[in-house]
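> Following this line is input-v3.tsv, made up of TSV, N, CA and C atoms:
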```
chain	number	residue	atom	x	y	z
A	1	MET	N	-95.92	-320.69	-136.97
A	1	MET	CA	-95.99	-321.56	-135.82
A	1	MET	C	-97.40	-322.15	-135.75
A	2	GLU	N	-97.43	-323.42	-135.52
A	2	GLU	CA	-98.69	-324.14	-135.52
A	2	GLU	C	-99.16	-324.34	-134.08
A	3	LEU	N	-100.41	-324.00	-133.82
A	3	LEU	CA	-100.96	-324.18	-132.48
A	3	LEU	C	-101.54	-325.58	-132.37
A	4	GLY	N	-101.17	-326.27	-131.33
A	4	GLY	CA	-101.64	-327.63	-131.13
A	4	GLY	C	-102.22	-327.81	-129.74
A	5	LEU	N	-102.48	-329.05	-129.42
A	5	LEU	CA	-103.06	-329.35	-128.11
A	5	LEU	C	-102.06	-329.11	-126.98
A	6	GLY	N	-100.76	-329.15	-127.28
A	6	GLY	CA	-99.77	-328.87	-126.26
A	6	GLY	C	-99.90	-327.47	-125.71
A	7	TYR	N	-100.13	-326.51	-126.59
A	7	TYR	CA	-100.29	-325.12	-126.15
A	7	TYR	C	-101.58	-324.94	-125.35
A	8	LEU	N	-102.60	-325.65	-125.73
A	8	LEU	CA	-103.85	-325.60	-124.98
A	8	LEU	C	-103.63	-326.17	-123.58
A	9	GLY	N	-102.88	-327.26	-123.50
A	9	GLY	CA	-102.57	-327.86	-122.21
A	9	GLY	C	-101.76	-326.94	-121.32
A	10	ILE	N	-100.82	-326.22	-121.92
A	10	ILE	CA	-100.01	-325.28	-121.14
A	10	ILE	C	-100.88	-324.15	-120.61
A	11	GLY	N	-101.79	-323.64	-121.43
A	11	GLY	CA	-102.69	-322.60	-120.97
A	11	GLY	C	-103.58	-323.07	-119.83
A	12	ILE	N	-104.06	-324.28	-119.94
A	12	ILE	CA	-104.88	-324.85	-118.86
A	12	ILE	C	-104.05	-325.03	-117.60
A	13	ALA	N	-102.79	-325.47	-117.75
A	13	ALA	CA	-101.92	-325.65	-116.59
A	13	ALA	C	-101.66	-324.33	-115.88
A	14	PHE	N	-101.39	-323.26	-116.65
A	14	PHE	CA	-101.20	-321.94	-116.05
A	14	PHE	C	-102.45	-321.51	-115.29
A	15	GLY	N	-103.59	-321.68	-115.92
A	15	GLY	CA	-104.84	-321.28	-115.29
A	15	GLY	C	-105.12	-322.04	-114.01
A	16	LEU	N	-104.88	-323.35	-114.02
A	16	LEU	CA	-105.12	-324.15	-112.83
A	16	LEU	C	-104.13	-323.81	-111.71
A	17	ALA	N	-102.89	-323.51	-112.08
A	17	ALA	CA	-101.90	-323.14	-111.06
A	17	ALA	C	-102.31	-321.85	-110.36
A	18	VAL	N	-102.72	-320.86	-111.13
A	18	VAL	CA	-103.13	-319.59	-110.54
A	18	VAL	C	-104.44	-319.74	-109.77
A	19	LEU	N	-105.36	-320.50	-110.32
A	19	LEU	CA	-106.63	-320.73	-109.65
A	19	LEU	C	-106.43	-321.46	-108.32
A	20	GLY	N	-105.60	-322.49	-108.35
A	20	GLY	CA	-105.34	-323.24	-107.12
A	20	GLY	C	-104.68	-322.40	-106.05
A	21	ALA	N	-103.72	-321.58	-106.46
A	21	ALA	CA	-103.05	-320.71	-105.49
A	21	ALA	C	-104.03	-319.69	-104.92
A	22	GLY	N	-104.88	-319.13	-105.76
A	22	GLY	CA	-105.87	-318.16	-105.29
A	22	GLY	C	-106.85	-318.77	-104.31
A	23	ILE	N	-107.33	-319.95	-104.62
A	23	ILE	CA	-108.27	-320.62	-103.72
A	23	ILE	C	-107.58	-320.98	-102.41
A	24	GLY	N	-106.35	-321.48	-102.50
A	24	GLY	CA	-105.64	-321.87	-101.28
A	24	GLY	C	-105.36	-320.69	-100.37
A	25	ILE	N	-104.89	-319.60	-100.93
A	25	ILE	CA	-104.61	-318.43	-100.11
A	25	ILE	C	-105.89	-317.82	-99.57
A	26	GLY	N	-106.96	-317.85	-100.35
A	26	GLY	CA	-108.24	-317.34	-99.86
A	26	GLY	C	-108.77	-318.14	-98.69
A	27	ARG	N	-108.68	-319.46	-98.80
A	27	ARG	CA	-109.13	-320.31	-97.68
A	27	ARG	C	-108.25	-320.12	-96.47
A	28	LEU	N	-106.94	-320.03	-96.70
A	28	LEU	CA	-106.00	-319.84	-95.60
A	28	LEU	C	-106.28	-318.52	-94.88
A	29	GLY	N	-106.48	-317.45	-95.65
A	29	GLY	CA	-106.78	-316.15	-95.05
A	29	GLY	C	-108.08	-316.17	-94.26
A	30	GLY	N	-109.08	-316.83	-94.79
A	30	GLY	CA	-110.35	-316.91	-94.08
A	30	GLY	C	-110.24	-317.67	-92.78
A	31	GLN	N	-109.51	-318.77	-92.80
A	31	GLN	CA	-109.34	-319.55	-91.58
A	31	GLN	C	-108.51	-318.81	-90.54
A	32	VAL	N	-107.51	-318.05	-91.01
A	32	VAL	CA	-106.70	-317.26	-90.08
A	32	VAL	C	-107.56	-316.17	-89.44
A	33	ALA	N	-108.38	-315.50	-90.24
A	33	ALA	CA	-109.26	-314.47	-89.68
A	33	ALA	C	-110.23	-315.07	-88.66
A	34	GLU	N	-110.74	-316.24	-88.96
A	34	GLU	CA	-111.64	-316.91	-88.02
A	34	GLU	C	-110.91	-317.30	-86.74
A	35	GLY	N	-109.69	-317.82	-86.88
A	35	GLY	CA	-108.92	-318.21	-85.70
A	35	GLY	C	-108.55	-317.03	-84.83
A	36	ILE	N	-108.19	-315.91	-85.45
A	36	ILE	CA	-107.84	-314.72	-84.67
A	36	ILE	C	-109.07	-314.16	-83.97
A	37	SER	N	-110.23	-314.24	-84.62
A	37	SER	CA	-111.44	-313.73	-83.98
A	37	SER	C	-111.85	-314.61	-82.80
A	38	ARG	N	-111.53	-315.89	-82.85
A	38	ARG	CA	-111.87	-316.77	-81.73
A	38	ARG	C	-110.87	-316.65	-80.57
A	39	GLN	N	-109.58	-316.49	-80.91
A	39	GLN	CA	-108.55	-316.37	-79.88
A	39	GLN	C	-107.63	-315.20	-80.20
A	40	PRO	N	-108.01	-314.00	-79.81
A	40	PRO	CA	-107.18	-312.83	-80.13
A	40	PRO	C	-105.81	-312.87	-79.48
A	41	GLY	N	-105.63	-313.61	-78.42
A	41	GLY	CA	-104.34	-313.69	-77.76
A	41	GLY	C	-103.30	-314.48	-78.55
A	42	ALA	N	-103.75	-315.32	-79.47
A	42	ALA	CA	-102.84	-316.15	-80.26
A	42	ALA	C	-102.59	-315.56	-81.64
A	43	THR	N	-102.76	-314.26	-81.77
A	43	THR	CA	-102.62	-313.60	-83.08
A	43	THR	C	-101.24	-313.81	-83.69
A	44	LYS	N	-100.21	-313.69	-82.86
A	44	LYS	CA	-98.84	-313.82	-83.38
A	44	LYS	C	-98.59	-315.24	-83.91
A	45	ASP	N	-98.99	-316.24	-83.17
A	45	ASP	CA	-98.78	-317.62	-83.60
A	45	ASP	C	-99.59	-317.95	-84.85
A	46	ILE	N	-100.81	-317.48	-84.89
A	46	ILE	CA	-101.67	-317.74	-86.04
A	46	ILE	C	-101.13	-317.03	-87.28
A	47	SER	N	-100.62	-315.82	-87.11
A	47	SER	CA	-100.07	-315.08	-88.24
A	47	SER	C	-98.83	-315.76	-88.81
A	48	GLN	N	-98.01	-316.36	-87.94
A	48	GLN	CA	-96.84	-317.08	-88.43
A	48	GLN	C	-97.25	-318.26	-89.30
A	49	VAL	N	-98.29	-318.95	-88.91
A	49	VAL	CA	-98.80	-320.06	-89.72
A	49	VAL	C	-99.30	-319.54	-91.06
A	50	LEU	N	-99.92	-318.37	-91.06
A	50	LEU	CA	-100.40	-317.76	-92.30
A	50	LEU	C	-99.24	-317.51	-93.26
A	51	TYR	N	-98.15	-316.94	-92.76
A	51	TYR	CA	-97.02	-316.61	-93.64
A	51	TYR	C	-96.36	-317.86	-94.19
A	52	VAL	N	-96.20	-318.87	-93.37
A	52	VAL	CA	-95.58	-320.12	-93.84
A	52	VAL	C	-96.48	-320.80	-94.87
A	53	GLY	N	-97.75	-320.87	-94.57
A	53	GLY	CA	-98.68	-321.52	-95.50
A	53	GLY	C	-98.80	-320.78	-96.82
A	54	ALA	N	-98.89	-319.45	-96.76
A	54	ALA	CA	-98.98	-318.67	-97.99
A	54	ALA	C	-97.71	-318.80	-98.82
A	55	GLY	N	-96.56	-318.84	-98.16
A	55	GLY	CA	-95.31	-319.03	-98.88
A	55	GLY	C	-95.24	-320.38	-99.58
A	56	MET	N	-95.72	-321.42	-98.92
A	56	MET	CA	-95.72	-322.74	-99.54
A	56	MET	C	-96.68	-322.80	-100.72
A	57	ILE	N	-97.82	-322.17	-100.59
A	57	ILE	CA	-98.78	-322.16	-101.69
A	57	ILE	C	-98.22	-321.40	-102.88
A	58	GLU	N	-97.63	-320.23	-102.63
A	58	GLU	CA	-97.05	-319.44	-103.71
A	58	GLU	C	-95.87	-320.16	-104.35
A	59	GLY	N	-95.09	-320.87	-103.54
A	59	GLY	CA	-93.97	-321.64	-104.09
A	59	GLY	C	-94.44	-322.73	-105.03
A	60	ALA	N	-95.49	-323.43	-104.64
A	60	ALA	CA	-96.02	-324.49	-105.51
A	60	ALA	C	-96.56	-323.91	-106.81
A	61	ALA	N	-97.24	-322.77	-106.73
A	61	ALA	CA	-97.76	-322.13	-107.94
A	61	ALA	C	-96.63	-321.64	-108.83
A	62	LEU	N	-95.58	-321.10	-108.24
A	62	LEU	CA	-94.44	-320.62	-109.01
A	62	LEU	C	-93.74	-321.77	-109.73
A	63	ILE	N	-93.57	-322.89	-109.05
A	63	ILE	CA	-92.96	-324.06	-109.68
A	63	ILE	C	-93.82	-324.53	-110.85
A	64	ALA	N	-95.14	-324.54	-110.68
A	64	ALA	CA	-96.02	-324.97	-111.77
A	64	ALA	C	-95.91	-324.04	-112.96
A	65	ILE	N	-95.81	-322.74	-112.71
A	65	ILE	CA	-95.70	-321.78	-113.81
A	65	ILE	C	-94.34	-321.90	-114.50
A	66	ILE	N	-93.29	-322.10	-113.74
A	66	ILE	CA	-91.96	-322.28	-114.35
A	66	ILE	C	-91.94	-323.54	-115.21
A	67	LEU	N	-92.50	-324.62	-114.72
A	67	LEU	CA	-92.56	-325.85	-115.52
A	67	LEU	C	-93.39	-325.64	-116.79
A	68	GLY	N	-94.43	-324.84	-116.69
A	68	GLY	CA	-95.22	-324.52	-117.89
A	68	GLY	C	-94.42	-323.74	-118.91
A	69	PHE	N	-93.62	-322.76	-118.43
A	69	PHE	CA	-92.77	-322.00	-119.35
A	69	PHE	C	-91.73	-322.90	-120.01
A	70	VAL	N	-91.12	-323.77	-119.24
A	70	VAL	CA	-90.12	-324.68	-119.80
A	70	VAL	C	-90.78	-325.60	-120.84
A	71	THR	N	-91.96	-326.06	-120.55
A	71	THR	CA	-92.67	-326.91	-121.50
A	71	THR	C	-93.02	-326.15	-122.76
A	72	SER	N	-93.45	-324.89	-122.62
A	72	SER	CA	-93.79	-324.12	-123.82
A	72	SER	C	-92.55	-323.83	-124.66
A	73	LEU	N	-91.42	-323.56	-124.01
A	73	LEU	CA	-90.18	-323.36	-124.76
A	73	LEU	C	-89.75	-324.64	-125.47
A	74	THR	N	-89.98	-325.76	-124.84
A	74	THR	CA	-89.65	-327.04	-125.46
A	74	THR	C	-90.53	-327.28	-126.68
A	75	LEU	N	-91.81	-326.95	-126.57
A	75	LEU	CA	-92.71	-327.13	-127.72
A	75	LEU	C	-92.33	-326.23	-128.88
A	76	ASN	N	-91.85	-325.03	-128.56
A	76	ASN	CA	-91.44	-324.11	-129.62
A	76	ASN	C	-90.09	-324.47	-130.21
A	77	GLY	N	-89.34	-325.34	-129.57
A	77	GLY	CA	-88.02	-325.71	-130.05
A	77	GLY	C	-86.94	-324.74	-129.65
A	78	VAL	N	-87.26	-323.78	-128.79
A	78	VAL	CA	-86.29	-322.76	-128.39
A	78	VAL	C	-85.16	-323.39	-127.58
A	79	LEU	N	-85.52	-324.27	-126.63
A	79	LEU	CA	-84.48	-324.89	-125.81
A	79	LEU	C	-83.56	-325.76	-126.64
A	80	LYS	N	-84.13	-326.52	-127.55
A	80	LYS	CA	-83.33	-327.41	-128.39
A	80	LYS	C	-82.37	-326.59	-129.26
A	81	ASP	N	-82.87	-325.51	-129.86
A	81	ASP	CA	-82.03	-324.67	-130.72
A	81	ASP	C	-80.92	-323.99	-129.93
A	82	SER	N	-81.22	-323.51	-128.72
A	82	SER	CA	-80.20	-322.82	-127.94
A	82	SER	C	-79.13	-323.79	-127.46
A	83	VAL	N	-79.51	-325.00	-127.12
A	83	VAL	CA	-78.53	-326.00	-126.68
A	83	VAL	C	-77.64	-326.39	-127.85
A	84	GLN	N	-78.23	-326.57	-129.04
A	84	GLN	CA	-77.43	-326.92	-130.21
A	84	GLN	C	-76.50	-325.78	-130.59
A	85	ALA	N	-76.95	-324.55	-130.47
A	85	ALA	CA	-76.11	-323.40	-130.82
A	85	ALA	C	-74.91	-323.31	-129.88
A	86	LYS	N	-75.13	-323.57	-128.61
A	86	LYS	CA	-74.02	-323.54	-127.66
A	86	LYS	C	-73.06	-324.69	-127.89
A	87	ALA	N	-73.58	-325.84	-128.30
A	87	ALA	CA	-72.73	-327.00	-128.52
A	87	ALA	C	-71.86	-326.83	-129.76
A	88	THR	N	-72.37	-326.15	-130.78
A	88	THR	CA	-71.61	-325.99	-132.02
A	88	THR	C	-70.76	-324.74	-132.03
A	89	LYS	N	-70.88	-323.92	-131.03
A	89	LYS	CA	-70.10	-322.69	-130.96
A	89	LYS	C	-68.62	-323.03	-130.78
A	90	ALA	N	-67.77	-322.38	-131.56
A	90	ALA	CA	-66.34	-322.66	-131.48
A	90	ALA	C	-65.80	-322.14	-130.15
A	91	PRO	N	-64.96	-322.93	-129.50
A	91	PRO	CA	-64.41	-322.48	-128.22
A	91	PRO	C	-63.46	-321.30	-128.42
A	92	VAL	N	-63.50	-320.39	-127.49
A	92	VAL	CA	-62.64	-319.21	-127.55
A	92	VAL	C	-61.32	-319.56	-126.88
A	93	GLU	N	-60.22	-319.25	-127.57
A	93	GLU	CA	-58.91	-319.54	-127.03
A	93	GLU	C	-58.55	-318.48	-125.99
A	94	GLN	N	-57.76	-318.90	-125.02
A	94	GLN	CA	-57.33	-317.98	-123.98
A	94	GLN	C	-56.32	-317.00	-124.52
A	95	GLY	N	-56.36	-315.77	-124.07
A	95	GLY	CA	-55.39	-314.77	-124.45
A	95	GLY	C	-55.77	-313.94	-125.65
A	96	GLN	N	-56.97	-314.11	-126.18
A	96	GLN	CA	-57.38	-313.31	-127.33
A	96	GLN	C	-58.18	-312.11	-126.90
```
Kindly transcribe the structure held in the file into structure tokens.


Amino acid sequence: MELGLGYLGIGIAFGLAVLGAGIGIGRLGGQVAEGISRQPGATKDISQVLYVGAGMIEGAALIAIILGFVTSLTLNGVLKDSVQAKATKAPVEQGQ
């Protein structure tokens, strides 16, 4: 298998996805802690915003990682080979 710039790009994409999610959740957590310290009575409302925001950040990072995996499988030819294998597979008759 030959390593090319595509694999380097996928590695950079994975790194940026994880880095972005880490920075986003870190900033979100810091702002939530600051908001709770300023208004302790609004802890429940502020915490709900934390959970929604963290879920959205993690969802975006997960989508980026999944797209990176799909791209790496495409570069390796795994997806193309598996699709061709399924297309050429003889259909199984009913009742056997």

> At what distance in Å, to one decimal, does CA of Gln31 (chain A) lie from atom C of Phe14 (chain A)?

24.8 Å

> For Leu28 (chain A), which residue among A:Gly15, A:Gly53, A:Gly41, A:Leu8 is the nearest when counting all atoms listed in the file?

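Looking only at the distances to Leu28 (chain A), the closest residue turns out to be A:Gly53.
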
> Could you check how far atom N of Ile25 (chain A) sits from CA of Ile57 (chain A), in Å to one decimal?

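Between atom N of Ile25 (chain A) and CA of Ile57 (chain A) the gap is 6.7 Å.
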
> Between A:Ile10, A:Leu5, A:Leu16, A:Val32, which residue has the minimum interatomic distance to Gly68 (chain A), considering all atoms listed in the file?

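Under the stated criterion, the closest residue is A:Ile10.
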
> Have a look at atom C of Gly30 (chain A) and CA of Ile66 (chain A) and let me know their distance in Å, one decimal.

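CA of Ile66 (chain A) lies 28.6 Å from atom C of Gly30 (chain A).
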
> Please return, as an NGL selection string, all residues of chain A that DSSP assigns to alpha helix (DSSP H) on the basis of the backbone.

:A and (5-38 or 43-76 or 78-88)

> Would you please work out which residue, of A:Ala17, A:Ala42, A:Gly11, A:Gly24, is nearest to Ile65 (chain A) when using all atoms listed in the file?

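Smallest separation from Ile65 (chain A) among the options: A:Ala17.
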
> From the options A:Ser72, A:Gly35, A:Pro40, A:Ala21, which residue's atoms come nearest to Met56 (chain A), counting only C-alpha atoms?

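Selected residue with least distance to Met56 (chain A): A:Ala21.
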